[in-house]
$ cat work.tsv   # TSV, C-alpha atoms
chain	number	residue	atom	x	y	z
A	3	MET	CA	144.38	104.60	108.10
A	4	ALA	CA	142.03	101.60	108.13
A	5	LYS	CA	141.25	102.10	111.80
A	6	GLY	CA	140.29	105.73	111.25
A	7	GLN	CA	137.81	105.03	108.48
A	8	PRO	CA	135.10	103.41	110.66
A	9	SER	CA	135.44	106.22	113.20
A	10	ARG	CA	135.17	108.86	110.49
A	11	ARG	CA	132.17	107.10	109.00
A	12	ARG	CA	130.54	106.93	112.43
A	13	HIS	CA	131.06	110.66	112.98
A	14	LEU	CA	129.65	111.41	109.54
A	15	TRP	CA	126.61	109.27	110.27
A	16	THR	CA	126.08	111.14	113.56
A	17	VAL	CA	126.27	114.53	111.85
A	18	LEU	CA	123.83	113.43	109.16
A	19	ALA	CA	121.44	112.09	111.80
A	20	ILE	CA	121.53	115.40	113.68
A	21	ILE	CA	120.96	117.44	110.52
A	22	ALA	CA	118.15	115.18	109.31
A	23	THR	CA	116.44	115.21	112.71
A	24	GLY	CA	116.67	118.98	113.08
A	25	ALA	CA	115.40	119.61	109.56
A	26	ALA	CA	112.52	117.15	109.98
A	27	TYR	CA	111.57	118.71	113.32
A	28	LEU	CA	111.52	122.20	111.77
A	29	LEU	CA	109.44	120.96	108.84
A	30	ALA	CA	106.98	119.24	111.19
A	31	ALA	CA	106.73	122.33	113.40
A	32	GLN	CA	105.74	124.63	110.54
A	33	PRO	CA	102.15	123.32	110.19
A	34	GLY	CA	101.64	124.00	113.88
A	35	VAL	CA	102.07	127.72	113.19
A	36	LEU	CA	99.20	127.74	110.69
A	37	LYS	CA	96.98	125.24	112.48
A	38	ARG	CA	96.96	126.61	116.00
A	39	LEU	CA	93.58	126.76	117.72
A	40	GLY	CA	92.36	128.61	120.75
A	41	GLU	CA	92.13	132.21	121.82
A	42	SER	CA	95.81	132.51	122.77
A	43	GLY	CA	97.04	130.17	120.04
A	44	LYS	CA	98.94	127.82	122.37
A	45	ALA	CA	97.10	124.59	121.57
A	46	THR	CA	97.54	122.44	118.49
A	47	LEU	CA	95.22	119.68	117.39
A	48	VAL	CA	98.11	117.43	116.40
A	49	TRP	CA	101.73	118.37	117.11
A	50	PRO	CA	103.66	116.28	114.54
A	51	ALA	CA	107.08	117.44	115.76
A	52	SER	CA	106.77	115.23	118.85
A	53	GLY	CA	106.28	112.18	116.63
A	54	VAL	CA	109.26	113.19	114.51
A	55	ALA	CA	111.47	113.55	117.59
A	56	LEU	CA	110.58	110.12	118.99
A	57	ALA	CA	110.88	108.41	115.61
A	58	ALA	CA	114.32	109.97	115.10
A	59	LEU	CA	115.50	108.61	118.45
A	60	LEU	CA	114.09	105.16	117.69
A	61	ILE	CA	115.81	105.10	114.29
A	62	PHE	CA	119.08	106.93	114.94
A	63	ARG	CA	119.18	106.34	118.73
A	64	LEU	CA	120.77	108.92	121.01
A	65	ARG	CA	122.87	110.45	118.23
A	66	ALA	CA	119.70	112.24	117.08
A	67	LEU	CA	119.13	113.97	120.44
A	68	PRO	CA	121.05	117.18	119.55
A	69	GLY	CA	118.93	117.45	116.42
A	70	VAL	CA	115.76	117.38	118.52
A	71	ALA	CA	117.06	120.14	120.79
A	72	LEU	CA	118.27	122.25	117.87
A	73	GLY	CA	115.06	121.84	115.89
A	74	ALA	CA	112.86	122.69	118.88
A	75	PHE	CA	114.94	125.78	119.70
A	76	VAL	CA	114.92	127.17	116.16
A	77	ALA	CA	111.22	126.40	115.66
A	78	THR	CA	110.23	128.14	118.89
A	79	TRP	CA	112.53	131.13	118.47
A	80	VAL	CA	112.07	131.76	114.75
A	81	ALA	CA	108.76	130.21	113.68
A	82	PHE	CA	106.81	131.05	116.84
A	83	ASP	CA	108.75	134.26	117.54
A	84	ARG	CA	109.26	133.53	121.24
A	85	PRO	CA	111.88	135.16	123.47
A	86	LEU	CA	115.27	133.53	123.65
A	87	LEU	CA	114.83	132.15	127.17
A	88	VAL	CA	111.42	130.74	126.31
A	89	ALA	CA	112.89	129.07	123.22
A	90	LEU	CA	115.61	127.53	125.38
A	91	GLY	CA	113.01	126.25	127.85
A	92	ILE	CA	110.87	124.74	125.10
A	93	ALA	CA	113.97	123.12	123.58
A	94	VAL	CA	114.76	121.53	126.95
A	95	GLU	CA	111.15	120.38	127.26
A	96	ALA	CA	111.11	118.77	123.81
A	97	THR	CA	114.44	117.05	124.44
A	98	VAL	CA	113.44	115.73	127.87
A	99	ALA	CA	110.06	114.50	126.65
A	100	ALA	CA	111.52	112.65	123.66
A	101	LEU	CA	114.37	111.21	125.71
A	102	LEU	CA	112.04	110.00	128.48
A	103	ALA	CA	109.67	108.40	125.97
A	104	TYR	CA	112.60	106.72	124.22
A	105	ALA	CA	114.08	105.42	127.49
A	106	LEU	CA	110.74	104.04	128.67
A	107	LEU	CA	110.11	102.34	125.33
A	108	ARG	CA	113.54	100.70	125.38
A	109	ARG	CA	112.93	99.63	128.96
A	110	ALA	CA	109.65	98.03	127.88
A	111	GLY	CA	111.38	96.08	125.09
A	112	PHE	CA	109.80	98.09	122.28
A	113	ARG	CA	110.55	96.96	118.72
A	114	ASN	CA	110.50	99.38	115.81
A	115	ASP	CA	108.51	97.02	113.59
A	116	LEU	CA	105.45	97.32	115.88
A	117	ALA	CA	104.67	93.67	115.25
A	118	ARG	CA	103.34	92.90	118.74
A	119	LEU	CA	100.44	94.20	120.77
A	120	ARG	CA	102.84	94.95	123.61
A	121	ASP	CA	104.68	97.33	121.27
A	122	ALA	CA	101.48	99.24	120.54
A	123	VAL	CA	100.60	99.38	124.24
A	124	ALA	CA	104.11	100.61	125.06
A	125	LEU	CA	103.87	103.33	122.40
A	126	VAL	CA	100.60	104.55	123.91
A	127	VAL	CA	101.56	104.30	127.58
A	128	CYS	CA	105.26	105.17	127.52
A	129	GLY	CA	105.47	107.36	124.43
A	130	ALA	CA	102.17	109.22	124.18
A	131	GLY	CA	101.45	108.92	127.88
A	132	ALA	CA	104.32	109.33	130.30
A	133	GLY	CA	106.81	111.01	127.97
A	134	MET	CA	104.49	113.60	126.45
A	135	LEU	CA	102.70	114.30	129.74
A	136	THR	CA	106.03	115.18	131.32
A	137	GLY	CA	106.87	117.41	128.38
A	138	ALA	CA	103.49	119.15	128.56
A	139	ALA	CA	104.00	119.85	132.26
A	140	ILE	CA	107.41	121.44	131.58
A	141	ARG	CA	106.14	123.41	128.59
A	142	SER	CA	103.18	124.80	130.52
A	143	GLY	CA	105.48	125.79	133.36
A	144	VAL	CA	107.75	127.65	130.95
A	145	LEU	CA	104.81	129.51	129.42
A	146	VAL	CA	103.44	130.47	132.85
A	147	LEU	CA	106.82	131.62	134.16
A	148	ALA	CA	107.34	133.69	131.02
A	149	GLY	CA	103.99	135.40	131.50
A	150	ILE	CA	102.60	134.07	128.22
A	151	GLU	CA	99.92	132.09	130.03
A	152	PRO	CA	98.20	132.95	133.34
A	153	ALA	CA	98.93	130.67	136.26
A	154	ARG	CA	95.27	129.73	136.64
A	155	GLU	CA	95.32	128.25	133.13
A	156	TYR	CA	98.25	125.93	133.83
A	157	GLY	CA	96.15	122.75	133.97
A	158	ALA	CA	94.15	123.53	130.84
A	159	VAL	CA	97.24	124.50	128.86
A	160	MET	CA	99.03	121.34	129.98
A	161	LEU	CA	96.06	119.16	128.99
A	162	ARG	CA	95.77	120.70	125.53
A	163	GLY	CA	99.50	120.53	124.95
A	164	TRP	CA	99.67	116.91	126.09
A	165	LEU	CA	96.82	115.82	123.80
A	166	GLY	CA	98.43	117.49	120.79
A	167	SER	CA	101.85	115.94	121.49
A	168	ALA	CA	100.34	112.52	122.24
A	169	LEU	CA	98.44	112.51	118.95
A	170	GLY	CA	101.66	113.49	117.21
A	171	ILE	CA	103.27	110.37	118.67
A	172	LEU	CA	100.39	108.10	117.67
A	173	VAL	CA	99.96	109.49	114.15
A	174	VAL	CA	103.48	110.39	113.01
A	175	THR	CA	105.82	107.96	114.79
A	176	PRO	CA	104.34	104.72	113.34
A	177	PHE	CA	104.23	106.31	109.88
A	178	LEU	CA	107.92	107.28	109.99
A	179	LEU	CA	108.94	103.88	111.36
A	180	VAL	CA	107.08	102.21	108.49
A	181	LEU	CA	108.56	104.64	105.98
A	182	TYR	CA	112.08	103.90	107.22
A	183	ARG	CA	111.89	100.12	107.03
A	184	ILE	CA	109.26	99.46	104.37
A	185	SER	CA	110.04	97.08	101.55
A	186	LEU	CA	107.81	97.84	98.59
A	187	ARG	CA	108.56	94.47	97.04
A	188	ARG	CA	107.30	92.70	100.16
A	189	ALA	CA	104.37	95.02	100.86
A	190	LEU	CA	103.28	95.25	97.20
A	191	PRO	CA	104.36	91.98	95.56
A	192	ASP	CA	102.34	92.49	92.36
A	193	VAL	CA	100.67	95.23	90.36
A	194	TRP	CA	97.19	94.39	91.65
A	195	ARG	CA	98.36	94.85	95.20
A	196	LEU	CA	99.75	98.25	94.22
A	197	VAL	CA	96.47	99.22	92.56
A	198	GLU	CA	94.59	98.16	95.68
A	199	ALA	CA	96.87	100.22	97.94
A	200	VAL	CA	96.60	103.35	95.79
A	201	GLY	CA	92.85	102.94	95.51
A	202	LEU	CA	92.60	102.55	99.26
A	203	LEU	CA	94.48	105.79	99.89
A	204	VAL	CA	92.39	107.68	97.33
A	205	CYS	CA	89.14	106.32	98.77
A	206	THR	CA	90.23	107.17	102.30
A	207	LEU	CA	91.06	110.73	101.27
A	208	GLY	CA	87.81	111.19	99.35
A	209	VAL	CA	85.49	109.66	101.93
A	210	THR	CA	87.15	111.48	104.84
A	211	TRP	CA	86.93	114.80	103.01
A	212	TRP	CA	83.28	114.19	102.15
A	213	VAL	CA	82.08	113.16	105.61
A	214	ILE	CA	83.98	115.95	107.40
A	215	THR	CA	83.59	118.92	105.05
A	216	GLY	CA	80.24	117.96	103.56
A	217	SER	CA	76.80	119.13	104.59
A	218	THR	CA	75.97	115.96	106.50
A	219	GLY	CA	76.89	117.46	109.86
A	220	GLY	CA	79.23	114.62	110.71
A	221	GLN	CA	76.51	111.97	110.78
A	222	GLU	CA	78.46	109.78	108.35
A	223	LEU	CA	81.78	109.86	110.20
A	224	PHE	CA	81.49	106.11	110.74
A	225	LEU	CA	82.07	105.60	107.00
A	226	VAL	CA	85.77	106.27	107.58
A	227	PHE	CA	86.18	103.19	109.76
A	228	PRO	CA	85.54	100.50	107.07
A	229	LEU	CA	88.38	101.94	105.01
A	230	LEU	CA	90.71	101.98	108.00
A	231	ILE	CA	89.74	98.40	108.84
A	232	TRP	CA	90.42	97.41	105.24
A	233	ALA	CA	93.85	99.04	105.40
A	234	ALA	CA	94.74	97.36	108.69
A	235	TRP	CA	93.47	93.93	107.63
A	236	ARG	CA	94.97	93.82	104.15
A	237	PHE	CA	98.22	95.75	104.56
A	238	GLN	CA	98.72	95.83	108.34
A	239	LEU	CA	100.79	98.78	109.55
A	240	GLU	CA	102.18	99.50	106.07
A	241	GLY	CA	98.67	100.44	104.94
A	242	ALA	CA	97.17	101.60	108.21
A	243	ALA	CA	99.79	104.23	109.03
A	244	PRO	CA	99.41	106.26	105.78
A	245	CYS	CA	95.61	106.12	106.07
A	246	ILE	CA	95.81	107.40	109.65
A	247	VAL	CA	97.92	110.32	108.44
A	248	VAL	CA	95.38	111.09	105.69
A	249	VAL	CA	92.44	111.13	108.13
A	250	SER	CA	94.37	113.28	110.60
A	251	VAL	CA	95.46	115.83	107.98
A	252	VAL	CA	91.92	116.22	106.63
A	253	THR	CA	90.54	116.58	110.17
A	254	VAL	CA	93.12	119.22	111.08
A	255	TYR	CA	92.54	121.17	107.88
A	256	ALA	CA	88.75	121.11	108.22
A	257	THR	CA	88.84	122.12	111.87
A	258	VAL	CA	91.18	125.04	111.25
A	259	ARG	CA	89.10	126.21	108.29
A	260	GLY	CA	85.90	126.01	110.31
A	261	LEU	CA	84.45	123.25	108.18
A	262	GLY	CA	82.47	120.20	109.13
A	263	PRO	CA	81.28	118.97	112.51
A	264	PHE	CA	84.42	120.06	114.40
A	265	ASN	CA	83.36	123.69	114.36
A	266	GLY	CA	81.48	125.93	116.73
A	267	THR	CA	81.50	129.09	118.71
A	268	ASP	CA	83.88	127.63	121.30
A	269	PRO	CA	87.25	126.88	119.66
A	270	GLN	CA	88.44	124.83	122.63
A	271	ALA	CA	85.39	122.57	122.40
A	272	ALA	CA	86.02	122.14	118.67
A	273	LEU	CA	89.64	121.30	119.44
A	274	MET	CA	88.71	118.63	121.98
A	275	THR	CA	86.08	117.09	119.68
A	276	ALA	CA	88.50	116.88	116.76
A	277	GLN	CA	91.22	115.43	118.99
A	278	THR	CA	88.79	112.79	120.26
A	279	PHE	CA	87.92	111.76	116.71
A	280	VAL	CA	91.57	111.55	115.64
A	281	ALA	CA	92.48	109.60	118.78
A	282	ALA	CA	89.63	107.11	118.31
A	283	THR	CA	90.41	106.41	114.65
A	284	THR	CA	94.14	106.21	115.28
A	285	LEU	CA	94.00	103.86	118.25
A	286	ALA	CA	91.43	101.54	116.68
A	287	THR	CA	93.34	101.27	113.41
A	288	LEU	CA	96.75	100.94	115.05
A	289	PHE	CA	95.74	98.14	117.40
A	290	LEU	CA	93.86	96.26	114.68
A	291	ALA	CA	96.86	96.42	112.34
A	292	VAL	CA	99.22	95.20	115.06
A	293	ALA	CA	96.83	92.41	116.08
A	294	VAL	CA	96.59	91.17	112.48
A	295	THR	CA	100.38	91.28	112.18
A	296	GLU	CA	100.80	89.29	115.38
A	297	ARG	CA	98.26	86.72	114.21
A	298	ASN	CA	99.99	86.34	110.85
A	299	ASP	CA	103.36	85.92	112.54
A	300	ALA	CA	101.95	83.27	114.87
A	301	ARG	CA	100.45	81.41	111.91
A	302	ASP	CA	103.77	81.53	110.06
A	303	GLU	CA	105.58	80.20	113.12
A	304	MET	CA	103.09	77.32	113.39
A	305	ASP	CA	103.56	76.48	109.71
A	306	LEU	CA	107.32	76.52	110.15
A	307	ALA	CA	107.09	74.29	113.21
A	308	ALA	CA	104.88	71.85	111.29
A	309	ARG	CA	107.35	71.70	108.40
A	310	GLU	CA	110.23	71.13	110.80
A	311	LEU	CA	108.28	68.33	112.47
A	312	VAL	CA	107.59	66.63	109.14
A	313	ARG	CA	111.25	66.97	108.22
A	314	ALA	CA	112.33	65.44	111.54
A	315	VAL	CA	109.94	62.50	111.07
A	316	ASN	CA	111.26	61.89	107.55
A	317	ILE	CA	114.86	61.94	108.78
A	318	LEU	CA	113.99	59.50	111.54
A	319	GLY	CA	112.33	57.20	109.03
A	320	GLU	CA	115.40	57.29	106.78
A	321	ARG	CA	117.62	56.34	109.70
A	322	LEU	CA	115.48	53.36	110.69
A	323	ARG	CA	115.04	52.03	107.14
A	324	PRO	CA	118.65	50.68	106.49
A	325	ASP	CA	118.31	47.97	109.17
A	326	LYS	CA	115.52	46.34	107.22
A	327	THR	CA	117.52	46.57	103.98
A	328	ILE	CA	120.59	44.85	105.49
A	329	SER	CA	118.41	42.09	106.91
A	330	ALA	CA	116.90	41.45	103.48
A	331	ASP	CA	120.31	41.38	101.74
A	332	SER	CA	121.73	38.82	104.15
A	333	GLY	CA	118.92	36.42	103.42
A	334	GLU	CA	117.64	36.52	106.94
A	335	ALA	CA	114.07	37.42	107.13
A	336	ALA	CA	113.35	39.99	109.70
A	337	PRO	CA	111.24	38.50	112.45
A	338	GLU	CA	107.66	39.53	112.22
A	339	PRO	CA	105.78	40.41	115.33
A	340	PRO	CA	103.55	37.55	116.42
A	341	ASP	CA	99.93	37.85	115.56
A	342	PRO	CA	97.84	37.29	118.69
A	343	ARG	CA	95.03	35.77	116.63
A	344	THR	CA	97.43	33.17	115.15
A	345	ARG	CA	98.78	32.30	118.59
A	346	VAL	CA	95.28	31.78	119.97
A	347	ARG	CA	94.23	29.76	116.92
A	348	ARG	CA	97.26	27.40	117.28
A	349	GLU	CA	96.57	26.85	120.93
A	350	ARG	CA	93.03	25.88	120.12
A	351	ILE	CA	93.91	23.18	117.50
A	352	GLN	CA	96.73	21.53	119.47
A	353	PRO	CA	95.56	18.41	121.38
A	354	PRO	CA	95.95	18.40	125.11
A	355	PRO	CA	98.99	16.55	126.46
A	356	ASP	CA	98.53	12.86	127.37
A	357	GLY	CA	97.97	12.34	130.97

$ encode --input "work.tsv" --output "structure tokens"
Amino acid sequence: MAKGQPSRRRHLWTVLAIIATGAAYLLAAQPGVLKRLGESGKATLVWPASGVALAALLIFRLRALPGVALGAFVATWVAFDRPLLVALGIAVEATVAALLAYALLRRAGFRNDLARLRDAVALVVCGAGAGMLTGAAIRSGVLVLAGIEPAREYGAVMLRGWLGSALGILVVTPFLLVLYRISLRRALPDVWRLVEAVGLLVCTLGVTWWVITGSTGGQELFLVFPLLIWAAWRFQLEGAAPCIVVVSVVTVYATVRGLGPFNGTDPQAALMTAQTFVAATTLATLFLAVAVTERNDARDEMDLAARELVRAVNILGERLRPDKTISADSGEAAPEPPDPRTRVRRERIQPPPDG
């Protein structure tokens, strides 16, 4: 009976991971239906489902893989109303892309806390790069073979699909990793810190909405960066990740609604411009937050090493001190080291030996 309980608990945990992953993937895929851009509607500015899939694998490990496949299949077949074979192909693509990104990240020694610059580089190169590029190639091939896209558009469709999936990795995956492991007591130790964090989010939302949807023509887009720098410097990834999501959501909404600078007669040009803005803000904020975290960790390690050194010196002093105490108790004065000046002075006043 006792031996079966851990196994039953493990199976229950696996089932819950699959259900949670599939439900989250479906939820993340729904905005893509409403926010598709392009004449044929195959490109998305940000595909959040890719970030959900990778985050689920990083959190739940391989037990979440069936949830990715199930969520991708249902989203493609039901939400996007694709044929059954196309839905199966897209499900295979989503599963392979997430699995490849996960395997490459584990191979690179990726840590879920994103506390090192090498973790951020690995997320960009292995996750958003190699993994999603492979998935975009498979997805484009499925669409071409199904006759949904012409063969001559394979490269363009693959590029648009890769950029959307890559931005989903960069925007959503860090946010979910932070959400899974965040400790509010550590991140917000007092009420003033909480007020600062809430004010930062509100300011980021307001300023981003104003500079993108306002009548300025996008000339004040740089005003978003001071807020993102503030979030990365003060709160590291715990503050940077939510602000990145806010900027991305406002950008997607404004672009789809035809508002702001990311609008024009060519929808593909608007898509690429908006993706460039989201990528620039995301990468700059992500790397700054990770760099500040790494610096803080290095400073804490130096402080700890200094305290350990002081403690070791104090222990050494305590161990050497009893010898002097015993010498004083026995009445024997501890020999003092000779003073060179005294020795020279004595030699000078002593008369020379009689010859």

$ atom_distance --input "work.tsv" --atom1 "CA of Cys128 in chain A" --atom2 "CA of Ala58 in chain A"
16.1 Å

$ atom_distance --input "work.tsv" --atom1 "CA of Thr210 in chain A" --atom2 "CA of Ala276 in chain A"
13.2 Å

$ atom_distance --input "work.tsv" --atom1 "CA of Ser9 in chain A" --atom2 "CA of Phe62 in chain A"
16.5 Å

$ closest_residue --input "work.tsv" --among "A:Val294, A:Leu311, A:Val88, A:Val17" --to "Ala148 in chain A" --atoms "only C-alpha atoms"
A:Val88

$ residues_near_point --input "work.tsv" --point "(102.6, 114.5, 129.4)" --cutoff "9 Å" --atoms "only C-alpha atoms" --output "JSON list (two decimals) with C-alpha atoms, keeping the file's coordinate frame"
[["chain", "number", "residue", "atom", "x", "y", "z"],
["A", 99, "ALA", "CA", 110.06, 114.50, 126.65],
["A", 130, "ALA", "CA", 102.17, 109.22, 124.18],
["A", 131, "GLY", "CA", 101.45, 108.92, 127.88],
["A", 132, "ALA", "CA", 104.32, 109.33, 130.30],
["A", 133, "GLY", "CA", 106.81, 111.01, 127.97],
["A", 134, "MET", "CA", 104.49, 113.60, 126.45],
["A", 135, "LEU", "CA", 102.70, 114.30, 129.74],
["A", 136, "THR", "CA", 106.03, 115.18, 131.32],
["A", 137, "GLY", "CA", 106.87, 117.41, 128.38],
["A", 138, "ALA", "CA", 103.49, 119.15, 128.56],
["A", 139, "ALA", "CA", 104.00, 119.85, 132.26],
["A", 140, "ILE", "CA", 107.41, 121.44, 131.58],
["A", 160, "MET", "CA", 99.03, 121.34, 129.98],
["A", 161, "LEU", "CA", 96.06, 119.16, 128.99],
["A", 163, "GLY", "CA", 99.50, 120.53, 124.95],
["A", 164, "TRP", "CA", 99.67, 116.91, 126.09],
["A", 165, "LEU", "CA", 96.82, 115.82, 123.80],
["A", 167, "SER", "CA", 101.85, 115.94, 121.49],
["A", 168, "ALA", "CA", 100.34, 112.52, 122.24]]

$ closest_residue --input "work.tsv" --among "A:Thr287, A:Leu87, A:Ala282, A:Cys245" --to "Leu223 in chain A" --atoms "only C-alpha atoms"
A:Ala282

$ closest_residue --input "work.tsv" --among "A:Phe177, A:Leu229, A:Tyr104, A:Leu145" --to "Gly201 in chain A" --atoms "only C-alpha atoms"
A:Leu229

$ closest_residue --input "work.tsv" --among "A:Leu28, A:Leu47, A:Leu59, A:Leu318" --to "Ala100 in chain A" --atoms "all atoms listed in the file"
A:Leu59

$ residues_around --input "work.tsv" --residues "Gly73 in chain A" --least-positions-apart "6" --cutoff "12 Å" --atoms "all atoms listed in the file" --output "mmCIF file with C-alpha atoms, keeping the file's coordinate frame"
data_model
loop_
_atom_site.group_PDB
_atom_site.id
_atom_site.type_symbol
_atom_site.label_atom_id
_atom_site.label_comp_id
_atom_site.auth_asym_id
_atom_site.auth_seq_id
_atom_site.Cartn_x
_atom_site.Cartn_y
_atom_site.Cartn_z
ATOM 1 C CA ILE A 20 121.530 115.400 113.680
ATOM 2 C CA ILE A 21 120.960 117.440 110.520
ATOM 3 C CA ALA A 22 118.150 115.180 109.310
ATOM 4 C CA THR A 23 116.440 115.210 112.710
ATOM 5 C CA GLY A 24 116.670 118.980 113.080
ATOM 6 C CA ALA A 25 115.400 119.610 109.560
ATOM 7 C CA ALA A 26 112.520 117.150 109.980
ATOM 8 C CA TYR A 27 111.570 118.710 113.320
ATOM 9 C CA LEU A 28 111.520 122.200 111.770
ATOM 10 C CA LEU A 29 109.440 120.960 108.840
ATOM 11 C CA ALA A 30 106.980 119.240 111.190
ATOM 12 C CA ALA A 31 106.730 122.330 113.400
ATOM 13 C CA GLN A 32 105.740 124.630 110.540
ATOM 14 C CA ALA A 51 107.080 117.440 115.760
ATOM 15 C CA SER A 52 106.770 115.230 118.850
ATOM 16 C CA VAL A 54 109.260 113.190 114.510
ATOM 17 C CA ALA A 55 111.470 113.550 117.590
ATOM 18 C CA ALA A 58 114.320 109.970 115.100
ATOM 19 C CA ALA A 66 119.700 112.240 117.080
ATOM 20 C CA LEU A 67 119.130 113.970 120.440
ATOM 21 C CA TRP A 79 112.530 131.130 118.470
ATOM 22 C CA VAL A 80 112.070 131.760 114.750
ATOM 23 C CA ALA A 81 108.760 130.210 113.680
ATOM 24 C CA ALA A 89 112.890 129.070 123.220
ATOM 25 C CA LEU A 90 115.610 127.530 125.380
ATOM 26 C CA ILE A 92 110.870 124.740 125.100
ATOM 27 C CA ALA A 93 113.970 123.120 123.580
ATOM 28 C CA VAL A 94 114.760 121.530 126.950
ATOM 29 C CA ALA A 96 111.110 118.770 123.810
ATOM 30 C CA THR A 97 114.440 117.050 124.440
#

$ decode --input "work.tsv" --residues "range 98-158 of chain A" --atoms "C-alpha atoms" --output "short mmCIF file (atom, residue, chain, number, x, y, z; two decimals), in the first residue's frame"
data_model
loop_
_atom_site.label_atom_id
_atom_site.label_comp_id
_atom_site.auth_asym_id
_atom_site.auth_seq_id
_atom_site.Cartn_x
_atom_site.Cartn_y
_atom_site.Cartn_z
CA VAL A 98 8.93 18.61 -32.33
CA ALA A 99 9.76 22.32 -32.04
CA ALA A 100 9.11 22.44 -28.30
CA LEU A 101 10.96 19.17 -27.69
CA LEU A 102 13.99 20.27 -29.73
CA ALA A 103 14.13 23.63 -27.94
CA TYR A 104 13.85 21.88 -24.57
CA ALA A 105 16.57 19.35 -25.41
CA LEU A 106 18.96 22.04 -26.65
CA LEU A 107 18.37 24.17 -23.56
CA ARG A 108 19.05 21.23 -21.25
CA ARG A 109 22.16 20.43 -23.25
CA ALA A 110 23.34 24.02 -22.79
CA GLY A 111 22.84 23.82 -19.01
CA PHE A 112 19.87 26.18 -18.96
CA ARG A 113 18.45 27.09 -15.55
CA ASN A 114 14.82 28.07 -15.08
CA ASP A 115 15.66 31.04 -12.88
CA LEU A 116 17.37 32.83 -15.81
CA ALA A 117 19.96 34.21 -13.40
CA ARG A 118 22.91 34.06 -15.81
CA LEU A 119 23.65 35.70 -19.13
CA ARG A 120 24.36 32.28 -20.60
CA ASP A 121 20.76 31.31 -19.77
CA ALA A 122 19.42 34.30 -21.71
CA VAL A 123 21.71 33.55 -24.65
CA ALA A 124 20.63 29.90 -24.61
CA LEU A 125 16.95 30.91 -24.59
CA VAL A 126 17.50 33.12 -27.64
CA VAL A 127 19.75 30.76 -29.62
CA CYS A 128 18.37 27.34 -28.69
CA GLY A 129 14.77 28.18 -27.86
CA ALA A 130 13.77 31.06 -30.12
CA GLY A 131 16.38 30.22 -32.74
CA ALA A 132 17.00 26.58 -33.53
CA GLY A 133 13.85 25.10 -32.03
CA MET A 134 11.33 27.54 -33.50
CA LEU A 135 13.11 27.72 -36.87
CA THR A 136 12.78 23.96 -37.20
CA GLY A 137 9.12 24.16 -36.27
CA ALA A 138 8.49 26.96 -38.78
CA ALA A 139 10.09 24.89 -41.53
CA ILE A 140 7.84 21.91 -40.74
CA ARG A 141 4.73 24.07 -40.42
CA SER A 142 5.35 25.80 -43.75
CA GLY A 143 5.90 22.44 -45.41
CA VAL A 144 2.59 21.17 -44.04
CA LEU A 145 0.75 24.25 -45.31
CA VAL A 146 2.33 23.97 -48.76
CA LEU A 147 1.62 20.25 -49.07
CA ALA A 148 -1.97 20.83 -48.01
CA GLY A 149 -2.40 23.48 -50.70
CA ILE A 150 -3.11 26.23 -48.17
CA GLU A 151 0.00 28.14 -49.22
CA PRO A 152 1.65 28.23 -52.66
CA ALA A 153 5.05 26.62 -52.95
CA ARG A 154 6.67 29.89 -54.04
CA GLU A 155 5.68 31.45 -50.71
CA TYR A 156 7.37 28.77 -48.61
CA GLY A 157 10.30 30.96 -47.54
CA ALA A 158 8.16 33.98 -46.67
#
